[in-house]
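Structure below is model28.pdb: PDB, C-alpha atoms and all ligand atoms.
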ATOM      1  CA  MET F 304     -53.642  29.727 -27.437
ATOM      2  CA  SER F 305     -57.350  29.590 -26.668
ATOM      3  CA  ALA F 306     -59.793  28.853 -29.431
ATOM      4  CA  THR F 307     -62.800  29.908 -27.374
ATOM      5  CA  ASP F 308     -62.636  33.625 -28.129
ATOM      6  CA  GLY F 309     -63.034  33.042 -31.802
ATOM      7  CA  GLY F 310     -59.704  34.540 -32.778
ATOM      8  CA  PRO F 311     -55.974  34.290 -32.339
ATOM      9  CA  ALA F 312     -54.887  35.152 -28.816
ATOM     10  CA  THR F 313     -51.927  37.418 -29.418
ATOM     11  CA  GLY F 314     -49.871  38.650 -32.272
ATOM     12  CA  GLY F 315     -52.104  36.869 -34.720
ATOM     13  CA  ALA F 316     -53.679  37.991 -37.905
ATOM     14  CA  GLY F 317     -57.063  39.006 -36.503
ATOM     15  CA  GLY F 318     -57.386  42.763 -36.583
ATOM     16  CA  ALA F 319     -53.806  43.334 -37.660
ATOM     17  CA  GLY F 320     -55.045  44.892 -40.847
ATOM     18  CA  LEU F 321     -56.815  47.618 -38.897
ATOM     19  CA  ARG F 322     -53.755  49.194 -37.371
ATOM     20  CA  PRO F 323     -50.383  50.019 -38.793
ATOM     21  CA  ALA F 324     -47.688  47.544 -37.960
ATOM     22  CA  PRO F 325     -45.289  49.194 -35.554
ATOM     23  CA  ALA F 326     -41.853  49.777 -36.962
ATOM     24  CA  GLY F 327     -39.445  47.502 -35.156
ATOM     25  CA  ALA F 328     -41.790  44.522 -35.321
ATOM     26  CA  PRO F 329     -40.281  43.010 -38.421
ATOM     27  CA  SER F 330     -41.924  39.625 -38.132
ATOM     28  CA  GLU F 331     -45.472  40.909 -37.742
ATOM     29  CA  THR F 332     -47.985  39.641 -40.248
ATOM     30  CA  ILE F 333     -49.591  42.365 -42.320
ATOM     31  CA  LEU F 334     -53.004  41.621 -43.773
ATOM     32  CA  THR F 335     -53.637  43.190 -47.151
ATOM     33  CA  GLY F 336     -57.139  44.267 -48.040
ATOM     34  CA  ALA F 337     -59.558  46.785 -49.479
ATOM     35  CA  ARG F 338     -57.691  49.925 -48.431
ATOM     36  CA  ASP F 339     -54.322  48.910 -49.813
ATOM     37  CA  ALA F 340     -52.576  49.465 -53.128
ATOM     38  CA  LEU F 341     -49.496  47.770 -54.515
ATOM     39  CA  ILE F 342     -47.150  50.156 -56.321
ATOM     40  CA  VAL F 343     -44.719  48.592 -58.797
ATOM     41  CA  VAL F 344     -42.006  51.046 -59.827
ATOM     42  CA  ASP F 345     -40.298  50.881 -63.230
ATOM     43  CA  VAL F 346     -39.883  47.129 -63.736
ATOM     44  CA  GLN F 347     -38.802  47.711 -67.336
ATOM     45  CA  ARG F 348     -36.338  45.933 -69.581
ATOM     46  CA  ASP F 349     -33.738  48.710 -69.575
ATOM     47  CA  PHE F 350     -33.481  48.470 -65.777
ATOM     48  CA  CYS F 351     -32.953  44.714 -65.812
ATOM     49  CA  PRO F 352     -29.843  42.732 -66.820
ATOM     50  CA  GLY F 353     -29.280  43.190 -70.551
ATOM     51  CA  GLY F 354     -30.870  46.648 -70.558
ATOM     52  CA  SER F 355     -29.166  50.004 -71.090
ATOM     53  CA  LEU F 356     -29.238  51.008 -67.404
ATOM     54  CA  PRO F 357     -29.352  47.692 -65.577
ATOM     55  CA  VAL F 358     -29.902  47.502 -61.853
ATOM     56  CA  PRO F 359     -27.890  44.556 -60.452
ATOM     57  CA  GLY F 360     -30.331  41.717 -59.844
ATOM     58  CA  GLY F 361     -33.175  43.912 -61.061
ATOM     59  CA  ASP F 362     -35.025  40.955 -62.532
ATOM     60  CA  GLU F 363     -35.013  39.237 -59.123
ATOM     61  CA  VAL F 364     -37.867  41.468 -57.985
ATOM     62  CA  ILE F 365     -40.210  39.979 -60.580
ATOM     63  CA  PRO F 366     -41.070  36.626 -58.924
ATOM     64  CA  VAL F 367     -41.512  38.399 -55.580
ATOM     65  CA  ILE F 368     -43.888  40.955 -57.092
ATOM     66  CA  ASN F 369     -45.762  38.283 -59.026
ATOM     67  CA  ARG F 370     -46.295  36.324 -55.829
ATOM     68  CA  ILE F 371     -47.886  39.255 -53.959
ATOM     69  CA  VAL F 372     -49.885  40.793 -56.831
ATOM     70  CA  PRO F 373     -52.854  38.510 -55.980
ATOM     71  CA  PHE F 374     -52.872  39.865 -52.393
ATOM     72  CA  PHE F 375     -54.159  43.232 -53.631
ATOM     73  CA  GLY F 376     -57.213  44.674 -55.318
ATOM     74  CA  ARG F 377     -55.550  47.855 -56.564
ATOM     75  CA  TRP F 378     -52.278  48.151 -58.435
ATOM     76  CA  ILE F 379     -50.253  51.071 -59.734
ATOM     77  CA  TYR F 380     -47.467  50.347 -62.228
ATOM     78  CA  THR F 381     -45.195  53.282 -62.995
ATOM     79  CA  ARG F 382     -42.782  53.422 -65.886
ATOM     80  CA  ASP F 383     -40.067  55.704 -67.211
ATOM     81  CA  TRP F 384     -41.322  56.899 -70.595
ATOM     82  CA  HIS F 385     -38.670  59.225 -71.961
ATOM     83  CA  PRO F 386     -38.400  61.091 -75.246
ATOM     84  CA  ALA F 387     -35.082  60.423 -77.035
ATOM     85  CA  ASN F 388     -33.853  63.902 -76.054
ATOM     86  CA  HIS F 389     -34.626  63.596 -72.342
ATOM     87  CA  VAL F 390     -32.740  65.951 -70.043
ATOM     88  CA  SER F 391     -31.358  63.081 -67.931
ATOM     89  CA  PHE F 392     -29.518  61.458 -70.862
ATOM     90  CA  SER F 393     -25.800  61.990 -71.329
ATOM     91  CA  ALA F 394     -23.453  60.791 -74.095
ATOM     92  CA  SER F 395     -20.809  60.246 -71.394
ATOM     93  CA  PRO F 396     -22.990  59.185 -68.473
ATOM     94  CA  GLU F 397     -21.716  59.436 -64.916
ATOM     95  CA  TYR F 398     -24.494  57.218 -63.533
ATOM     96  CA  ARG F 399     -25.951  59.829 -61.219
ATOM     97  CA  ASP F 400     -28.857  62.279 -61.184
ATOM     98  CA  GLY F 401     -29.014  64.055 -64.532
ATOM     99  CA  SER F 402     -26.321  61.924 -66.189
ATOM    100  CA  TRP F 403     -27.692  58.564 -67.298
ATOM    101  CA  PRO F 404     -27.253  56.593 -70.479
ATOM    102  CA  ALA F 405     -30.336  56.757 -72.689
ATOM    103  CA  HIS F 406     -32.976  54.425 -71.238
ATOM    104  CA  CYS F 407     -36.677  53.628 -71.471
ATOM    105  CA  VAL F 408     -37.142  55.653 -74.647
ATOM    106  CA  GLN F 409     -40.798  55.693 -75.681
ATOM    107  CA  GLY F 410     -41.686  52.884 -78.043
ATOM    108  CA  THR F 411     -38.331  51.075 -77.812
ATOM    109  CA  PRO F 412     -38.011  47.514 -76.460
ATOM    110  CA  GLY F 413     -36.061  48.844 -73.473
ATOM    111  CA  ALA F 414     -39.130  50.760 -72.310
ATOM    112  CA  ASP F 415     -41.276  47.608 -72.300
ATOM    113  CA  TRP F 416     -42.343  46.010 -69.059
ATOM    114  CA  CYS F 417     -40.212  42.975 -68.265
ATOM    115  CA  ALA F 418     -41.833  40.076 -70.071
ATOM    116  CA  THR F 419     -42.465  37.895 -67.029
ATOM    117  CA  LEU F 420     -43.948  40.671 -64.873
ATOM    118  CA  ASP F 421     -47.599  40.018 -64.014
ATOM    119  CA  ILE F 422     -49.811  43.047 -64.633
ATOM    120  CA  PRO F 423     -53.488  42.668 -63.707
ATOM    121  CA  MET F 424     -55.901  43.748 -66.411
ATOM    122  CA  ASN F 425     -57.284  46.618 -64.341
ATOM    123  CA  ALA F 426     -53.970  47.895 -62.999
ATOM    124  CA  ILE F 427     -53.381  51.643 -63.354
ATOM    125  CA  LEU F 428     -50.367  52.459 -65.522
ATOM    126  CA  VAL F 429     -48.563  55.737 -64.865
ATOM    127  CA  SER F 430     -46.007  57.007 -67.385
ATOM    128  CA  LYS F 431     -43.502  59.586 -66.171
ATOM    129  CA  GLY F 432     -40.501  61.480 -67.463
ATOM    130  CA  ASP F 433     -42.111  62.188 -70.830
ATOM    131  CA  ASP F 434     -41.343  65.915 -70.655
ATOM    132  CA  PRO F 435     -37.941  66.333 -72.376
ATOM    133  CA  ASP F 436     -36.924  69.086 -69.943
ATOM    134  CA  ARG F 437     -37.950  67.529 -66.674
ATOM    135  CA  GLU F 438     -36.844  64.522 -64.603
ATOM    136  CA  THR F 439     -39.622  62.669 -62.794
ATOM    137  CA  TYR F 440     -38.659  59.829 -60.478
ATOM    138  CA  SER F 441     -42.054  59.393 -58.850
ATOM    139  CA  GLY F 442     -45.526  58.585 -60.131
ATOM    140  CA  PHE F 443     -46.812  61.085 -57.555
ATOM    141  CA  ARG F 444     -45.191  63.937 -59.530
ATOM    142  CA  VAL F 445     -46.879  63.473 -62.861
ATOM    143  CA  GLU F 446     -48.492  66.729 -63.972
ATOM    144  CA  ARG F 447     -51.531  65.399 -65.792
ATOM    145  CA  PHE F 448     -52.550  62.805 -63.212
ATOM    146  CA  ASP F 449     -52.863  63.270 -59.463
ATOM    147  CA  LEU F 450     -52.012  59.790 -58.205
ATOM    148  CA  ALA F 451     -52.442  60.666 -54.529
ATOM    149  CA  GLN F 452     -55.918  62.050 -55.119
ATOM    150  CA  PHE F 453     -56.816  59.099 -57.340
ATOM    151  CA  LEU F 454     -55.923  56.666 -54.552
ATOM    152  CA  LYS F 455     -57.572  58.684 -51.781
ATOM    153  CA  LEU F 456     -60.842  58.977 -53.710
ATOM    154  CA  ARG F 457     -60.870  55.188 -53.823
ATOM    155  CA  GLY F 458     -60.320  54.760 -50.105
ATOM    156  CA  VAL F 459     -56.685  53.716 -50.278
ATOM    157  CA  GLU F 460     -54.856  54.359 -47.002
ATOM    158  CA  ARG F 461     -51.759  52.180 -47.268
ATOM    159  CA  VAL F 462     -49.391  51.660 -50.163
ATOM    160  CA  PHE F 463     -46.827  48.893 -50.615
ATOM    161  CA  ILE F 464     -43.822  49.886 -52.708
ATOM    162  CA  THR F 465     -41.843  47.505 -54.920
ATOM    163  CA  GLY F 466     -39.579  47.787 -57.982
ATOM    164  CA  LEU F 467     -36.505  49.646 -59.233
ATOM    165  CA  ALA F 468     -34.256  51.309 -58.296
ATOM    166  CA  THR F 469     -34.092  51.700 -54.529
ATOM    167  CA  GLU F 470     -32.042  54.925 -54.472
ATOM    168  CA  TYR F 471     -33.979  56.777 -57.140
ATOM    169  CA  CYS F 472     -37.507  56.063 -58.269
ATOM    170  CA  VAL F 473     -38.415  53.719 -55.406
ATOM    171  CA  ARG F 474     -37.063  56.163 -52.827
ATOM    172  CA  GLN F 475     -38.844  59.172 -54.325
ATOM    173  CA  THR F 476     -42.118  57.277 -54.730
ATOM    174  CA  ALA F 477     -42.036  56.138 -51.095
ATOM    175  CA  LEU F 478     -41.186  59.609 -49.769
ATOM    176  CA  ASP F 479     -43.909  61.255 -51.885
ATOM    177  CA  ALA F 480     -46.487  58.677 -50.772
ATOM    178  CA  GLY F 481     -45.646  59.394 -47.141
ATOM    179  CA  ALA F 482     -45.813  63.153 -47.693
ATOM    180  CA  ALA F 483     -49.246  62.679 -49.281
ATOM    181  CA  GLY F 484     -50.497  61.046 -46.076
ATOM    182  CA  PHE F 485     -50.411  57.355 -46.913
ATOM    183  CA  THR F 486     -49.007  54.717 -44.606
ATOM    184  CA  VAL F 487     -46.073  53.459 -46.648
ATOM    185  CA  TYR F 488     -44.585  49.983 -46.612
ATOM    186  CA  LEU F 489     -41.399  49.224 -48.501
ATOM    187  CA  VAL F 490     -41.228  45.553 -49.479
ATOM    188  CA  GLU F 491     -37.475  45.090 -49.210
ATOM    189  CA  ASP F 492     -37.105  41.802 -51.052
ATOM    190  CA  ALA F 493     -39.105  43.308 -53.934
ATOM    191  CA  VAL F 494     -36.710  46.225 -54.571
ATOM    192  CA  ARG F 495     -33.131  46.408 -55.866
ATOM    193  CA  GLY F 496     -30.692  49.305 -55.957
ATOM    194  CA  ILE F 497     -27.872  50.420 -58.196
ATOM    195  CA  SER F 498     -25.261  50.274 -55.414
ATOM    196  CA  PRO F 499     -25.279  48.657 -51.960
ATOM    197  CA  GLU F 500     -24.161  51.925 -50.309
ATOM    198  CA  GLY F 501     -26.765  54.013 -52.095
ATOM    199  CA  SER F 502     -29.465  51.489 -51.275
ATOM    200  CA  ALA F 503     -28.534  51.391 -47.601
ATOM    201  CA  ARG F 504     -28.582  55.182 -47.417
ATOM    202  CA  ALA F 505     -31.946  55.378 -49.157
ATOM    203  CA  LEU F 506     -33.458  52.746 -46.876
ATOM    204  CA  LYS F 507     -32.335  54.715 -43.810
ATOM    205  CA  GLU F 508     -33.722  57.928 -45.238
ATOM    206  CA  MET F 509     -37.068  56.336 -46.037
ATOM    207  CA  GLU F 510     -37.240  54.769 -42.596
ATOM    208  CA  ALA F 511     -36.525  58.144 -40.975
ATOM    209  CA  ALA F 512     -39.422  59.576 -42.993
ATOM    210  CA  GLY F 513     -41.769  56.969 -41.524
ATOM    211  CA  VAL F 514     -41.650  54.326 -44.238
ATOM    212  CA  ILE F 515     -42.131  50.861 -42.730
ATOM    213  CA  ARG F 516     -39.630  48.289 -43.996
ATOM    214  CA  ILE F 517     -41.059  44.806 -44.410
ATOM    215  CA  THR F 518     -40.454  41.664 -46.424
ATOM    216  CA  SER F 519     -42.958  39.989 -48.711
ATOM    217  CA  GLY F 520     -43.137  36.989 -46.369
ATOM    218  CA  GLN F 521     -44.968  39.143 -43.829
ATOM    219  CA  LEU F 522     -47.831  39.828 -46.210
ATOM    220  CA  GLN F 523     -51.002  37.816 -46.039
ATOM    221  CA  ASP F 524     -54.164  38.323 -48.047
ATOM    222  CA  SER F 525     -57.217  39.120 -45.910
ATOM    223  CA  GLY F 526     -59.444  38.448 -48.903
ATOM    224  CA  GLU F 527     -61.122  41.869 -48.549
ATOM    225  CA  ARG F 528     -61.347  43.750 -51.818
ATOM    226  CA  PRO F 529     -62.463  47.236 -52.786
ATOM    227  CA  ALA F 530     -66.149  47.439 -53.693
ATOM    228  CA  PRO F 531     -66.615  47.810 -57.432
ATOM    229  CA  ALA F 532     -66.766  51.433 -58.572
ATOM    230  CA  TYR F 533     -69.038  50.649 -61.538
ATOM    231  CA  ASP F 534     -71.987  48.333 -62.074
ATOM    232  CA  GLU F 535     -72.362  45.943 -64.991
ATOM    233  CA  HIS F 536     -73.776  48.773 -67.129
ATOM    234  CA  GLY F 537     -70.760  50.977 -66.536
ATOM    235  CA  ASN F 538     -72.630  53.332 -64.192
ATOM    236  CA  PRO F 539     -70.856  54.611 -61.063
ATOM    237  CA  VAL F 540     -71.872  52.832 -57.869
ATOM    238  CA  GLU F 541     -72.514  54.934 -54.754
ATOM    239  CA  HIS F 542     -71.024  53.503 -51.572
ATOM    240  CA  ASP F 543     -71.888  54.862 -48.155
ATOM    241  CA  ASP F 544     -68.924  53.995 -45.997
TER     242      ASP F 544
HETATM  243 ZN    ZN Q 601     -35.259  57.757 -66.364
END

Can you turn what I pasted into structure tokens?
Amino acid sequence: MSATDGGPATGGAGGAGLRPAPAGAPSETILTGARDALIVVDVQRDFCPGGSLPVPGGDEVIPVINRIVPFFGRWIYTRDWHPANHVSFSASPEYRDGSWPAHCVQGTPGADWCATLDIPMNAILVSKGDDPDRETYSGFRVERFDLAQFLKLRGVERVFITGLATEYCVRQTALDAGAAGFTVYLVEDAVRGISPEGSARALKEMEAAGVIRITSGQLQDSGERPAPAYDEHGNPVEHDD
């Protein structure tokens, strides 16, 4: 490799953040920066071991997420935030769409974020599923808050999806992000599913929809961060870019 051109010769980090990593290049380094957002889906106590609807190994995503949180300058944390009479709850749950045990009921310990999950102070928190009559797996389908528009207005072009559970809320979030026009990366070691078969199916479906499957080890921080939206007086800052 020549050092005279001021950058890595091939396959290196320089410029990799400017183009999407091709699918099928699983070892490529992906530089995170100003136009990226990390999305953390439903890392709540009820979805982790000991909760009312535990995802096997659900808590294993936490150290992976915590490690990559500092690589980003924007973060979206979604959570299930159900009323006690939510439509998806069943007294004799069949563990499928529309038939779950009660979980993540507003104000209960099970709805809390997992205690060891790092949440930056200026992360955006999106609650979903708070309408008793409506299931909402994705933070992009919340009626009072247009997440896609929020991200686009802030120059976000790529989103990196992590959290629980692969077949349901992670899957729907990734598909909705792609449909909204974002380049979508699924960080595979930072998600867990309810069943191996369901997870495998969901991963294939997401991939077919254009979601790029990566592992957290491919991520590297470019150090670029979004320009501040407000000055020290709380006034909006105009950026011409
Ligand atoms: Zn739910």

Name each residue within 9 Å of ligand ZN 601 (chain Q), counting all atoms listed in the file, as a ChimeraX atom specification.
/F:382-385,389,391-392,403,405-408,431-432,438-440,472

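Coordinates place CA of Ile371 in chain F at a distance of 11.5 Å from CA of Asp492 in chain F.
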
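Excluding Asp349 in chain F itself and any same-chain residue fewer than 4 positions from it, the protein and nucleic acid residues within 10 Å of it, counting all atoms listed in the file, are Asp345, Gly353, Gly354, Ser355, Leu356, Pro357, Val358, Gly361, Asp383, Ala405, His406, Cys407, Val408, Thr411, Pro412, Gly413, Ala414, Asp415, Trp416 and Cys417 of chain F.
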
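With distances restricted to all atoms listed in the file, F:Pro423 is the closest residue to Asn369 in chain F from F:Gly513, F:Pro423, F:Gly496, F:Pro404.
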
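Across the model, the gap from CA of Gly401 in chain F to CA of Ser441 in chain F is 15.0 Å.
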
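The residue that comes closest to Pro435 in chain F, out of F:Leu489, F:Ala387, F:Leu467, F:Ile365 and on the basis of only C-alpha atoms, is F:Ala387.
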
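Selection around (-49.2, 64.4, -45.8) with radius 12 Å, counting only C-alpha atoms, yields the residues Ala451, Gln452, Lys455, Glu460, Leu478, Asp479, Ala480, Gly481, Ala482, Ala483, Gly484, Phe485, Thr486, Val487, Ala512 and Gly513 of chain F.
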
Got time to write the residues from that selection, C-alpha atoms, as a PDB file, in the coordinates of the input?
ATOM      1  CA  ALA F 451     -52.442  60.666 -54.529  1.00  0.00           C
ATOM      2  CA  GLN F 452     -55.918  62.050 -55.119  1.00  0.00           C
ATOM      3  CA  LYS F 455     -57.572  58.684 -51.781  1.00  0.00           C
ATOM      4  CA  GLU F 460     -54.856  54.359 -47.002  1.00  0.00           C
ATOM      5  CA  LEU F 478     -41.186  59.609 -49.769  1.00  0.00           C
ATOM      6  CA  ASP F 479     -43.909  61.255 -51.885  1.00  0.00           C
ATOM      7  CA  ALA F 480     -46.487  58.677 -50.772  1.00  0.00           C
ATOM      8  CA  GLY F 481     -45.646  59.394 -47.141  1.00  0.00           C
ATOM      9  CA  ALA F 482     -45.813  63.153 -47.693  1.00  0.00           C
ATOM     10  CA  ALA F 483     -49.246  62.679 -49.281  1.00  0.00           C
ATOM     11  CA  GLY F 484     -50.497  61.046 -46.076  1.00  0.00           C
ATOM     12  CA  PHE F 485     -50.411  57.355 -46.913  1.00  0.00           C
ATOM     13  CA  THR F 486     -49.007  54.717 -44.606  1.00  0.00           C
ATOM     14  CA  VAL F 487     -46.073  53.459 -46.648  1.00  0.00           C
ATOM     15  CA  ALA F 512     -39.422  59.576 -42.993  1.00  0.00           C
ATOM     16  CA  GLY F 513     -41.769  56.969 -41.524  1.00  0.00           C
TER      17      GLY F 513
END

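Restricting the calculation to only C-alpha atoms, the smallest distance between Gly526 in chain F and any of F:Gly336, F:Pro539, F:Gly458, F:Gly442 is found for F:Gly336.
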
Explicit residues for the PyMOL selection byres (((chain F and resi 340) around 8) and not hetatm) (as number ranges by chain):
F: 338-339, 341-342, 375-379, 459, 461-463

Check what the PyMOL selection byres (((chain F and resi 370) around 12) and not hetatm) selects in the file above and give those residues as a count of residues only.
23

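Our summary of the geometry notes that CA of Ala477 in chain F is positioned 25.8 Å from CA of Ala530 in chain F.
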
Would you kindly place N, CA and C atoms on range 496-521 of chain F and return the model as a PDB file, keeping the file's coordinate frame?
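Below is the file part38.pdb, written as the result:
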ATOM      1  N   GLY F 496     -31.322  48.010 -55.745  1.00  0.00           N
ATOM      2  CA  GLY F 496     -30.692  49.305 -55.957  1.00  0.00           C
ATOM      3  C   GLY F 496     -29.503  49.207 -56.880  1.00  0.00           C
ATOM      4  N   ILE F 497     -29.017  50.381 -57.290  1.00  0.00           N
ATOM      5  CA  ILE F 497     -27.872  50.420 -58.196  1.00  0.00           C
ATOM      6  C   ILE F 497     -26.584  50.092 -57.441  1.00  0.00           C
ATOM      7  N   SER F 498     -26.433  50.625 -56.223  1.00  0.00           N
ATOM      8  CA  SER F 498     -25.261  50.274 -55.414  1.00  0.00           C
ATOM      9  C   SER F 498     -25.696  49.917 -53.999  1.00  0.00           C
ATOM     10  N   PRO F 499     -24.929  49.032 -53.339  1.00  0.00           N
ATOM     11  CA  PRO F 499     -25.279  48.657 -51.960  1.00  0.00           C
ATOM     12  C   PRO F 499     -25.267  49.865 -51.021  1.00  0.00           C
ATOM     13  N   GLU F 500     -24.262  50.762 -51.200  1.00  0.00           N
ATOM     14  CA  GLU F 500     -24.161  51.925 -50.309  1.00  0.00           C
ATOM     15  C   GLU F 500     -25.349  52.853 -50.516  1.00  0.00           C
ATOM     16  N   GLY F 501     -25.644  53.119 -51.786  1.00  0.00           N
ATOM     17  CA  GLY F 501     -26.765  54.013 -52.095  1.00  0.00           C
ATOM     18  C   GLY F 501     -28.083  53.449 -51.595  1.00  0.00           C
ATOM     19  N   SER F 502     -28.238  52.137 -51.741  1.00  0.00           N
ATOM     20  CA  SER F 502     -29.465  51.489 -51.275  1.00  0.00           C
ATOM     21  C   SER F 502     -29.602  51.615 -49.762  1.00  0.00           C
ATOM     22  N   ALA F 503     -28.499  51.343 -49.065  1.00  0.00           N
ATOM     23  CA  ALA F 503     -28.534  51.391 -47.601  1.00  0.00           C
ATOM     24  C   ALA F 503     -28.891  52.799 -47.125  1.00  0.00           C
ATOM     25  N   ARG F 504     -28.300  53.787 -47.779  1.00  0.00           N
ATOM     26  CA  ARG F 504     -28.582  55.182 -47.417  1.00  0.00           C
ATOM     27  C   ARG F 504     -30.059  55.511 -47.664  1.00  0.00           C
ATOM     28  N   ALA F 505     -30.548  55.087 -48.808  1.00  0.00           N
ATOM     29  CA  ALA F 505     -31.946  55.378 -49.157  1.00  0.00           C
ATOM     30  C   ALA F 505     -32.907  54.701 -48.194  1.00  0.00           C
ATOM     31  N   LEU F 506     -32.589  53.467 -47.812  1.00  0.00           N
ATOM     32  CA  LEU F 506     -33.458  52.746 -46.876  1.00  0.00           C
ATOM     33  C   LEU F 506     -33.523  53.473 -45.536  1.00  0.00           C
ATOM     34  N   LYS F 507     -32.366  53.960 -45.074  1.00  0.00           N
ATOM     35  CA  LYS F 507     -32.335  54.715 -43.810  1.00  0.00           C
ATOM     36  C   LYS F 507     -33.153  55.989 -43.916  1.00  0.00           C
ATOM     37  N   GLU F 508     -32.995  56.669 -45.048  1.00  0.00           N
ATOM     38  CA  GLU F 508     -33.722  57.928 -45.238  1.00  0.00           C
ATOM     39  C   GLU F 508     -35.242  57.692 -45.269  1.00  0.00           C
ATOM     40  N   MET F 509     -35.636  56.644 -45.976  1.00  0.00           N
ATOM     41  CA  MET F 509     -37.068  56.336 -46.037  1.00  0.00           C
ATOM     42  C   MET F 509     -37.596  55.980 -44.653  1.00  0.00           C
ATOM     43  N   GLU F 510     -36.816  55.177 -43.937  1.00  0.00           N
ATOM     44  CA  GLU F 510     -37.240  54.769 -42.596  1.00  0.00           C
ATOM     45  C   GLU F 510     -37.399  55.990 -41.696  1.00  0.00           C
ATOM     46  N   ALA F 511     -36.450  56.927 -41.792  1.00  0.00           N
ATOM     47  CA  ALA F 511     -36.525  58.144 -40.975  1.00  0.00           C
ATOM     48  C   ALA F 511     -37.758  58.965 -41.324  1.00  0.00           C
ATOM     49  N   ALA F 512     -38.231  58.829 -42.554  1.00  0.00           N
ATOM     50  CA  ALA F 512     -39.422  59.576 -42.993  1.00  0.00           C
ATOM     51  C   ALA F 512     -40.712  58.828 -42.648  1.00  0.00           C
ATOM     52  N   GLY F 513     -40.574  57.674 -41.975  1.00  0.00           N
ATOM     53  CA  GLY F 513     -41.769  56.969 -41.524  1.00  0.00           C
ATOM     54  C   GLY F 513     -42.157  55.768 -42.374  1.00  0.00           C
ATOM     55  N   VAL F 514     -41.367  55.489 -43.400  1.00  0.00           N
ATOM     56  CA  VAL F 514     -41.650  54.326 -44.238  1.00  0.00           C
ATOM     57  C   VAL F 514     -41.352  53.051 -43.441  1.00  0.00           C
ATOM     58  N   ILE F 515     -42.263  52.096 -43.498  1.00  0.00           N
ATOM     59  CA  ILE F 515     -42.131  50.861 -42.730  1.00  0.00           C
ATOM     60  C   ILE F 515     -41.507  49.793 -43.625  1.00  0.00           C
ATOM     61  N   ARG F 516     -40.350  49.285 -43.191  1.00  0.00           N
ATOM     62  CA  ARG F 516     -39.630  48.289 -43.996  1.00  0.00           C
ATOM     63  C   ARG F 516     -40.118  46.894 -43.628  1.00  0.00           C
ATOM     64  N   ILE F 517     -40.556  46.164 -44.642  1.00  0.00           N
ATOM     65  CA  ILE F 517     -41.059  44.806 -44.410  1.00  0.00           C
ATOM     66  C   ILE F 517     -40.486  43.880 -45.482  1.00  0.00           C
ATOM     67  N   THR F 518     -40.762  42.593 -45.337  1.00  0.00           N
ATOM     68  CA  THR F 518     -40.454  41.664 -46.424  1.00  0.00           C
ATOM     69  C   THR F 518     -41.761  41.039 -46.903  1.00  0.00           C
ATOM     70  N   SER F 519     -41.719  40.506 -48.110  1.00  0.00           N
ATOM     71  CA  SER F 519     -42.958  39.989 -48.711  1.00  0.00           C
ATOM     72  C   SER F 519     -43.537  38.834 -47.911  1.00  0.00           C
ATOM     73  N   GLY F 520     -42.666  38.117 -47.167  1.00  0.00           N
ATOM     74  CA  GLY F 520     -43.137  36.989 -46.369  1.00  0.00           C
ATOM     75  C   GLY F 520     -44.079  37.395 -45.251  1.00  0.00           C
ATOM     76  N   GLN F 521     -44.056  38.676 -44.875  1.00  0.00           N
ATOM     77  CA  GLN F 521     -44.968  39.143 -43.829  1.00  0.00           C
ATOM     78  C   GLN F 521     -46.378  39.400 -44.343  1.00  0.00           C
TER      79      GLN F 521
END
